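See below for coords_16.cif, which holds mmCIF, C-alpha atoms.
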```cif
data_input
loop_
_atom_site.label_atom_id
_atom_site.label_comp_id
_atom_site.auth_asym_id
_atom_site.auth_seq_id
_atom_site.Cartn_x
_atom_site.Cartn_y
_atom_site.Cartn_z
CA MET U 825 147.59 131.54 75.64
CA ALA U 826 144.55 132.25 73.52
CA GLU U 827 141.01 132.07 74.88
CA LEU U 828 139.41 128.81 73.76
CA LEU U 829 136.01 129.46 72.22
CA LYS U 830 134.51 126.10 73.08
CA GLY U 831 131.17 125.02 71.70
CA LYS U 832 129.76 123.40 74.85
CA PRO U 833 128.83 126.61 76.70
CA VAL U 834 127.02 127.78 73.57
CA VAL U 835 125.20 124.46 73.26
CA ASP U 836 124.20 124.48 76.92
CA SER U 837 122.79 127.99 76.62
CA MET U 838 120.84 127.07 73.49
CA ALA U 839 119.47 123.92 75.15
CA LEU U 840 117.80 125.93 77.92
CA ASP U 841 115.87 127.96 75.37
CA LEU U 842 115.07 124.99 73.13
CA ARG U 843 113.72 122.78 75.92
CA ALA U 844 111.30 125.51 76.98
CA ARG U 845 110.06 125.92 73.41
CA ILE U 846 109.77 122.17 72.89
CA GLU U 847 107.72 121.89 76.09
CA ALA U 848 105.40 124.59 74.77
CA LEU U 849 104.98 122.68 71.52
CA GLY U 850 104.29 119.54 73.52
CA ARG U 851 101.38 121.26 75.25
CA ALA U 852 99.95 121.77 71.77
CA LYS U 853 100.56 118.07 71.07
CA VAL U 854 103.36 118.79 68.59
CA VAL U 855 106.65 116.89 68.67
CA PRO U 856 109.34 118.56 66.52
CA ALA U 857 110.62 116.02 64.01
CA LEU U 858 113.73 116.05 61.83
CA ALA U 859 114.15 113.87 58.75
CA LEU U 860 117.70 112.66 58.05
CA VAL U 861 118.11 111.74 54.38
CA ARG U 862 121.39 109.89 53.85
CA VAL U 863 122.66 108.23 50.68
CA GLY U 864 125.41 105.67 51.37
CA GLN U 865 127.57 105.46 54.47
CA ARG U 866 130.26 108.10 54.29
CA PRO U 867 132.13 108.20 57.60
CA ASP U 868 131.61 111.95 58.08
CA ASP U 869 127.87 111.60 57.40
CA LEU U 870 127.58 108.74 59.88
CA SER U 871 129.52 110.69 62.48
CA TYR U 872 127.29 113.74 62.15
CA GLU U 873 124.18 111.57 62.15
CA ARG U 874 125.20 109.96 65.45
CA THR U 875 125.76 113.37 66.96
CA ALA U 876 122.44 114.66 65.62
CA ARG U 877 120.53 111.68 66.98
CA LYS U 878 122.11 112.09 70.40
CA ARG U 879 121.37 115.82 70.51
CA ALA U 880 117.80 115.32 69.32
CA GLU U 881 117.17 112.65 71.94
CA SER U 882 118.50 114.90 74.70
CA LEU U 883 116.10 117.67 73.67
CA GLY U 884 112.99 115.65 72.83
CA ILE U 885 113.14 116.01 69.05
CA ALA U 886 112.04 113.02 66.95
CA ILE U 887 114.30 111.66 64.20
CA ARG U 888 112.88 110.23 60.96
CA PRO U 889 115.68 108.37 59.13
CA TYR U 890 115.71 107.89 55.36
CA GLU U 891 118.67 105.63 54.57
CA LEU U 892 119.37 104.91 50.93
CA ASP U 893 121.98 102.71 49.27
CA GLU U 894 125.02 104.50 47.84
CA PHE U 895 123.88 103.46 44.34
CA ALA U 896 120.27 104.57 44.87
CA PRO U 897 118.93 106.12 41.65
CA GLN U 898 117.90 109.74 41.46
CA ALA U 899 114.24 108.73 41.46
CA ALA U 900 114.60 107.01 44.84
CA ILE U 901 116.23 110.08 46.41
CA GLU U 902 113.55 112.32 44.95
CA ALA U 903 110.86 109.99 46.30
CA ALA U 904 112.33 110.36 49.81
CA ILE U 905 112.21 114.14 49.54
CA HIS U 906 108.62 114.05 48.29
CA GLU U 907 107.68 111.84 51.24
CA VAL U 908 109.26 114.32 53.65
CA ASN U 909 107.33 117.14 51.99
CA ARG U 910 104.01 115.28 52.35
CA ASP U 911 104.48 114.25 55.99
CA GLU U 912 102.89 116.94 58.17
CA ASN U 913 104.54 115.42 61.24
CA VAL U 914 108.04 116.12 59.85
CA HIS U 915 109.10 119.72 60.30
CA GLY U 916 112.69 119.79 59.06
CA CYS U 917 114.90 117.88 56.68
CA LEU U 918 118.67 117.41 56.71
CA LEU U 919 119.96 116.05 53.40
CA PHE U 920 123.52 114.82 53.69
CA ARG U 921 125.71 116.16 50.91
CA PRO U 922 127.47 115.83 48.62
CA LEU U 923 125.24 113.33 46.87
CA PRO U 924 126.81 110.73 44.54
CA SER U 925 128.25 112.23 41.36
CA PHE U 926 125.60 110.61 39.14
CA VAL U 927 122.81 112.48 40.98
CA ASP U 928 121.61 115.95 39.96
CA GLU U 929 122.08 117.44 43.43
CA SER U 930 120.72 120.88 42.55
CA HIS U 931 117.47 119.38 41.32
CA VAL U 932 117.07 117.28 44.46
CA CYS U 933 117.64 120.38 46.61
CA GLU U 934 115.03 122.32 44.63
CA LEU U 935 112.40 119.70 45.44
CA LEU U 936 112.49 120.22 49.20
CA ASP U 937 109.67 122.31 50.67
CA PRO U 938 111.41 125.56 51.77
CA LYS U 939 109.44 125.49 55.01
CA LYS U 940 111.31 122.28 55.90
CA ASP U 941 114.69 123.46 54.63
CA ILE U 942 116.45 123.78 57.98
CA ASP U 943 119.99 123.61 56.53
CA GLY U 944 119.86 125.97 53.59
CA ILE U 945 119.97 123.29 50.91
CA THR U 946 117.68 125.30 48.63
CA LEU U 947 120.52 127.81 48.38
CA ALA U 948 121.40 125.62 45.39
CA SER U 949 118.41 127.20 43.65
CA ASP U 950 117.63 130.86 43.04
CA GLY U 951 114.44 130.75 45.07
CA HIS U 952 115.96 130.08 48.48
CA ALA U 953 113.44 130.76 51.22
CA GLY U 954 114.51 128.45 54.02
CA TYR U 955 116.75 128.76 57.04
CA PRO U 956 120.47 129.62 56.68
CA PRO U 957 122.95 126.74 56.51
CA ALA U 958 123.50 125.47 60.04
CA THR U 959 127.29 125.76 60.02
CA ALA U 960 127.19 129.39 58.90
CA ALA U 961 124.58 130.18 61.54
CA ALA U 962 126.68 128.36 64.15
CA CYS U 963 129.57 130.76 63.49
CA ILE U 964 127.34 133.74 64.28
CA GLN U 965 125.84 131.98 67.30
CA LEU U 966 129.28 131.35 68.75
CA LEU U 967 130.52 134.88 68.08
CA ASP U 968 127.41 136.28 69.77
CA HIS U 969 127.78 134.00 72.79
CA TYR U 970 131.35 135.12 73.39
CA GLN U 971 130.40 138.74 72.66
CA VAL U 972 132.93 139.16 69.88
CA PRO U 973 132.36 142.63 68.34
CA LEU U 974 131.38 142.58 64.68
CA GLN U 975 130.07 146.05 63.85
CA GLY U 976 132.70 147.97 61.96
CA LYS U 977 135.23 145.13 62.28
CA HIS U 978 137.17 143.55 59.43
CA VAL U 979 136.24 139.89 59.03
CA VAL U 980 138.10 137.67 56.56
CA VAL U 981 136.24 134.56 55.42
CA VAL U 982 138.47 131.99 53.76
CA GLY U 983 136.23 129.81 51.60
CA ARG U 984 133.36 130.64 49.25
CA SER U 985 131.06 127.61 49.46
CA LEU U 986 127.28 127.83 49.63
CA VAL U 987 127.46 125.88 52.89
CA VAL U 988 129.65 128.28 54.87
CA GLY U 989 131.64 130.96 53.07
CA LYS U 990 128.95 132.82 51.15
CA PRO U 991 126.11 132.59 53.68
CA VAL U 992 128.25 133.51 56.70
CA SER U 993 129.59 136.50 54.76
CA MET U 994 126.05 137.75 54.15
CA MET U 995 125.15 137.22 57.81
CA LEU U 996 128.23 139.18 58.87
CA LEU U 997 127.34 142.02 56.53
CA ARG U 998 123.94 142.21 58.23
CA ARG U 999 125.87 142.76 61.47
CA ASN U 1000 127.67 145.69 59.81
CA ALA U 1001 131.03 143.94 59.61
CA SER U 1002 133.38 144.73 56.72
CA VAL U 1003 133.82 141.36 55.02
CA THR U 1004 136.57 140.11 52.72
CA ILE U 1005 135.98 136.74 51.05
CA CYS U 1006 139.14 134.84 50.11
CA HIS U 1007 139.63 131.56 48.28
CA SER U 1008 142.24 129.34 46.63
CA LYS U 1009 142.99 131.92 43.93
CA THR U 1010 143.40 134.90 46.28
CA GLU U 1011 146.78 136.60 46.02
CA ASN U 1012 148.67 137.70 49.15
CA LEU U 1013 146.33 135.59 51.27
CA ALA U 1014 148.53 135.66 54.36
CA ASP U 1015 148.71 139.47 54.30
CA ILE U 1016 144.93 139.75 53.99
CA MET U 1017 144.29 137.28 56.80
CA ARG U 1018 146.72 139.05 59.13
CA SER U 1019 144.86 142.35 58.53
CA ALA U 1020 141.60 141.01 59.96
CA ASP U 1021 140.00 141.36 63.37
CA VAL U 1022 138.18 138.05 62.90
CA VAL U 1023 139.17 135.17 60.59
CA ILE U 1024 136.81 132.35 59.62
CA CYS U 1025 138.55 129.41 57.92
CA ALA U 1026 136.26 127.12 55.93
CA THR U 1027 138.27 125.43 53.19
CA GLY U 1028 138.17 121.76 54.19
CA ARG U 1029 141.95 121.38 53.97
CA ALA U 1030 143.66 119.93 57.02
CA ARG U 1031 146.02 122.23 58.93
CA THR U 1032 146.55 124.50 55.92
CA PHE U 1033 146.90 127.72 57.89
CA GLY U 1034 149.88 128.07 60.20
CA ALA U 1035 151.18 130.91 62.34
CA GLN U 1036 152.29 133.00 59.35
CA PHE U 1037 148.63 133.63 58.42
CA PHE U 1038 147.66 135.22 61.75
CA GLY U 1039 148.56 138.03 64.13
CA PRO U 1040 148.07 139.17 67.73
CA GLY U 1041 144.60 140.16 68.89
CA GLN U 1042 142.68 138.17 66.31
CA THR U 1043 139.66 135.92 66.86
CA VAL U 1044 139.85 132.73 64.75
CA LEU U 1045 136.95 130.43 63.92
CA ASP U 1046 138.07 127.11 62.47
CA VAL U 1047 135.16 125.53 60.62
CA GLY U 1048 137.18 122.70 59.07
CA ILE U 1049 136.40 119.09 59.95
CA ASN U 1050 139.26 117.07 58.49
CA PHE U 1051 141.38 114.01 59.19
CA ASP U 1052 145.16 114.21 59.07
CA THR U 1053 147.45 111.49 57.71
CA GLN U 1054 147.32 109.70 61.06
CA GLY U 1055 143.54 109.69 61.05
CA ASN U 1056 143.20 112.37 63.74
CA LEU U 1057 140.35 114.86 63.58
CA CYS U 1058 141.64 118.36 62.91
CA GLY U 1059 140.64 121.71 61.45
CA ASP U 1060 141.86 123.94 58.65
CA VAL U 1061 144.08 125.78 61.13
CA ASP U 1062 147.29 124.35 62.59
CA PHE U 1063 146.07 124.80 66.15
CA ALA U 1064 149.42 124.10 67.85
CA GLU U 1065 151.10 126.86 65.81
CA VAL U 1066 148.31 129.41 65.82
CA GLU U 1067 146.93 129.23 69.37
CA PRO U 1068 149.97 130.98 70.95
CA VAL U 1069 149.70 133.82 68.41
CA VAL U 1070 146.05 134.91 68.44
CA ALA U 1071 143.68 136.21 71.14
CA ALA U 1072 140.91 133.63 70.76
CA ILE U 1073 140.36 130.47 68.73
CA THR U 1074 137.87 127.62 68.36
CA PRO U 1075 139.21 124.10 68.93
CA VAL U 1076 138.62 121.15 66.60
CA PRO U 1077 136.90 119.07 67.78
CA GLY U 1078 134.76 120.84 70.35
CA GLY U 1079 134.14 124.12 68.56
CA ILE U 1080 131.92 125.11 65.63
CA GLY U 1081 130.91 121.54 64.82
CA THR U 1082 129.36 121.13 68.25
CA VAL U 1083 127.27 124.26 67.81
CA THR U 1084 126.21 123.31 64.28
CA THR U 1085 124.21 120.33 65.54
CA SER U 1086 122.35 122.52 68.03
CA VAL U 1087 121.58 125.08 65.33
CA THR U 1088 120.08 122.27 63.23
CA MET U 1089 117.83 121.42 66.16
CA ALA U 1090 116.94 125.08 66.71
CA HIS U 1091 115.89 125.42 63.08
CA THR U 1092 113.77 122.27 63.39
CA VAL U 1093 112.01 123.68 66.45
CA ALA U 1094 111.43 126.99 64.66
CA ALA U 1095 109.96 125.11 61.69
CA ALA U 1096 107.63 123.19 64.03
CA GLU U 1097 106.51 126.45 65.63
CA ALA U 1098 105.85 127.97 62.20
CA ALA U 1099 103.86 124.91 61.11
CA LEU U 1100 101.76 125.06 64.27
CA ALA U 1101 101.11 128.77 63.82
CA ALA U 1102 100.07 128.24 60.20
CA ARG U 1103 97.74 125.41 61.15
CA THR U 1104 96.07 127.19 64.06
CA GLY U 1105 95.84 130.37 62.04
CA ARG U 1106 93.65 128.62 59.46
CA ARG U 1107 91.14 127.58 62.09
#
```

For this file, produce the structure as structure tokens.
Amino acid sequence: MAELLKGKPVVDSMALDLRARIEALGRAKVVPALALVRVGQRPDDLSYERTARKRAESLGIAIRPYELDEFAPQAAIEAAIHEVNRDENVHGCLLFRPLPSFVDESHVCELLDPKKDIDGITLASDGHAGYPPATAAACIQLLDHYQVPLQGKHVVVVGRSLVVGKPVSMMLLRRNASVTICHSKTENLADIMRSADVVICATGRARTFGAQFFGPGQTVLDVGINFDTQGNLCGDVDFAEVEPVVAAITPVPGGIGTVTTSVTMAHTVAAAEAALAARTGRR
């Protein structure tokens, strides 16, 4: 049986550090605050929002909701972002994406103050200066917690999105891993995946990768959050097939997604600390 790389131990460890930092901010009369900007009521957005609210409440982070109708015009979404930028008591902003097709999402992302960009949404523009996307950072956080070696190791990342694939690849390169990025057009994908020490699957396609894509000794991170034809939550990896083959694997649910929420909170706390330092430094 493979080792299950569960998210809860990672979350618990992060919570100890975050509570201490939040208490320190409290002594300076600062309450970290996260704005949640949601357009419409997509089930996955609502699910993540519930989780984020619960995690924030457990840590002492304030939530500032901005809920817009699914047909809200671009101007209304932009107005919400401008309001977040102006509010000195809001330290981070999570914009749920994708936005409706009639909205210029890249332009909306560009409007957010990089200092409040706690989920890497300004990666949509060339001038990205915020925090890395939370899901990509969660992958590194989990690998570090379980002491999975990265230096000199071959890591295959399946998926090239700005949310996970590209940023996690850059973060892995900074850890001196040898990274191969694969995607839907990659030839001999199974052979490449089997050659890796670590595989990160982030395609958003339910149970696409079965046992034939993996080999003994591998560590597998399943970033996918999907629903199968029966409505069950599942990842990109066929867990039942792959778990007996590899050395370690993240479950879905209970893996990367759990850590992602805590990373969002950690970025919010860091943004609050930076805002406090900037303010006190001017005095």

Item to check | Close residues, Glu902 of chain U itself excluded, 8 Å, all atoms listed in the file, min 4 positions apart in chain, as a PyMOL selection string | outcome: chain U and resi 898+906+932+935

Taking the file above as input, evaluate the PyMOL selection byres ((chain U and resi 980-982) around 7) and report the hits as a PDB file with C-alpha atoms, in the frame of the given file.
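The resulting result_9.pdb:
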```
ATOM      1  CA  HIS U 978     137.170 143.550  59.430  1.00  0.00           C
ATOM      2  CA  VAL U 979     136.240 139.890  59.030  1.00  0.00           C
ATOM      3  CA  GLY U 983     136.230 129.810  51.600  1.00  0.00           C
ATOM      4  CA  ARG U 984     133.360 130.640  49.250  1.00  0.00           C
ATOM      5  CA  GLY U 989     131.640 130.960  53.070  1.00  0.00           C
ATOM      6  CA  SER U 993     129.590 136.500  54.760  1.00  0.00           C
ATOM      7  CA  VAL U1003     133.820 141.360  55.020  1.00  0.00           C
ATOM      8  CA  THR U1004     136.570 140.110  52.720  1.00  0.00           C
ATOM      9  CA  ILE U1005     135.980 136.740  51.050  1.00  0.00           C
ATOM     10  CA  CYS U1006     139.140 134.840  50.110  1.00  0.00           C
ATOM     11  CA  HIS U1007     139.630 131.560  48.280  1.00  0.00           C
ATOM     12  CA  MET U1017     144.290 137.280  56.800  1.00  0.00           C
ATOM     13  CA  ALA U1020     141.600 141.010  59.960  1.00  0.00           C
ATOM     14  CA  VAL U1022     138.180 138.050  62.900  1.00  0.00           C
ATOM     15  CA  VAL U1023     139.170 135.170  60.590  1.00  0.00           C
ATOM     16  CA  ILE U1024     136.810 132.350  59.620  1.00  0.00           C
ATOM     17  CA  CYS U1025     138.550 129.410  57.920  1.00  0.00           C
ATOM     18  CA  ALA U1026     136.260 127.120  55.930  1.00  0.00           C
ATOM     19  CA  THR U1027     138.270 125.430  53.190  1.00  0.00           C
TER      20      THR U1027
END
```

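Counting from atom CA of Leu1045 of chain U, the distance to atom CA of Leu966 of chain U is 9.1 Å.
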
Next on the checklist: Could you check the closest approach to Ser985 of chain U for each of U:Thr1010, U:Gly1028, U:Ile887, U:Ala961 and tell me which residue wins, using all atoms listed in the file?
Outcome noted: U:Gly1028

To verify the selection step, state as a PDB file with C-alpha atoms, in the coordinates of the input which residues the PyMOL selection byres ((chain U and resi 958) around 6) yields on this input.
```
ATOM      1  CA  ASP U 943     119.990 123.610  56.530  1.00  0.00           C
ATOM      2  CA  PRO U 957     122.950 126.740  56.510  1.00  0.00           C
ATOM      3  CA  THR U 959     127.290 125.760  60.020  1.00  0.00           C
ATOM      4  CA  ALA U 960     127.190 129.390  58.900  1.00  0.00           C
ATOM      5  CA  ALA U 961     124.580 130.180  61.540  1.00  0.00           C
ATOM      6  CA  ALA U 962     126.680 128.360  64.150  1.00  0.00           C
ATOM      7  CA  THR U1084     126.210 123.310  64.280  1.00  0.00           C
ATOM      8  CA  VAL U1087     121.580 125.080  65.330  1.00  0.00           C
ATOM      9  CA  THR U1088     120.080 122.270  63.230  1.00  0.00           C
TER      10      THR U1088
END
```

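The closest residue to Val1047 of chain U, picked from U:Val835, U:Ile942, U:Ala1064, U:Val1076 and counting all atoms listed in the file, is U:Val1076.
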
Next on the checklist: Between atom CA of Gly1055 of chain U and atom CA of Leu870 of chain U, what distance in Å does the model show, to one decimal?
Outcome noted: 16.0 Å

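Interatomic distance, atom CA of Glu881 of chain U against atom CA of Ala1099 of chain U: 21.1 Å.
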
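Running the PyMOL selection byres ((chain U and resi 850) around 12) on this file leaves U:Arg843, U:Ala844, U:Arg845, U:Ile846, U:Glu847, U:Ala848, U:Leu849, U:Arg851, U:Ala852, U:Lys853, U:Val854, U:Val855, U:Pro856, U:Ala857, U:Leu883, U:Gly884, U:Ile885, U:Val1093, U:Ala1096, U:Glu1097, U:Leu1100 selected.
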
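You can rank U:Arg866, U:Lys940, U:His969, U:Arg910 by their closest distance to Val834 of chain U using only C-alpha atoms, and at the top of that list sits U:His969.
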
Item to check | Nearest residue to Leu840 of chain U from the set U:Glu934, U:Gly976, U:Ser1086, U:Arg921 (distances using all atoms listed in the file) | outcome: U:Ser1086

Could you work out an axis-aligned box for segment 935-942 of chain U, taking every atom the file lists and adding 8 Å on each side, and report centre and edge lengths in Å to one decimal, as AutoDock Vina command-line options?
```
--center_x 112.9 --center_y 122.6 --center_z 51.7 --size_x 23.0 --size_y 21.9 --size_z 28.5
```

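Distance check against Leu892 of chain U using only C-alpha atoms: of U:Val861, U:Leu919, U:Ile1016, U:Val908, the minimum falls on U:Val861.
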
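Minimum atom-to-atom distances from U:Arg879, U:Asn1050, U:Asp869, U:Thr1092 to Val914 of chain U were compared using all atoms listed in the file, and the lowest value belongs to U:Thr1092.
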
Excluding Pro897 of chain U and its own-chain neighbours fewer than 3 positions away, which residues fall within 8 Å of it when counting only C-alpha atoms? Please give them as an mmCIF file with C-alpha atoms, keeping the file's coordinate frame.
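What landed in out01.cif:
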```
data_model
loop_
_atom_site.group_PDB
_atom_site.id
_atom_site.type_symbol
_atom_site.label_atom_id
_atom_site.label_comp_id
_atom_site.auth_asym_id
_atom_site.auth_seq_id
_atom_site.Cartn_x
_atom_site.Cartn_y
_atom_site.Cartn_z
ATOM 1 C CA ALA U 900 114.600 107.010 44.840
ATOM 2 C CA ILE U 901 116.230 110.080 46.410
ATOM 3 C CA VAL U 927 122.810 112.480 40.980
#
```

Checklist entry - Got a sec: who's within 12 Å of Pro973 of chain U, counting all atoms listed in the file, leaving out chain neighbours fewer than 6 positions off, as JSON, numbers by chain? => result {"U": [964, 966, 967, 979, 996, 999, 1000, 1001, 1002, 1021, 1022, 1042, 1043]}
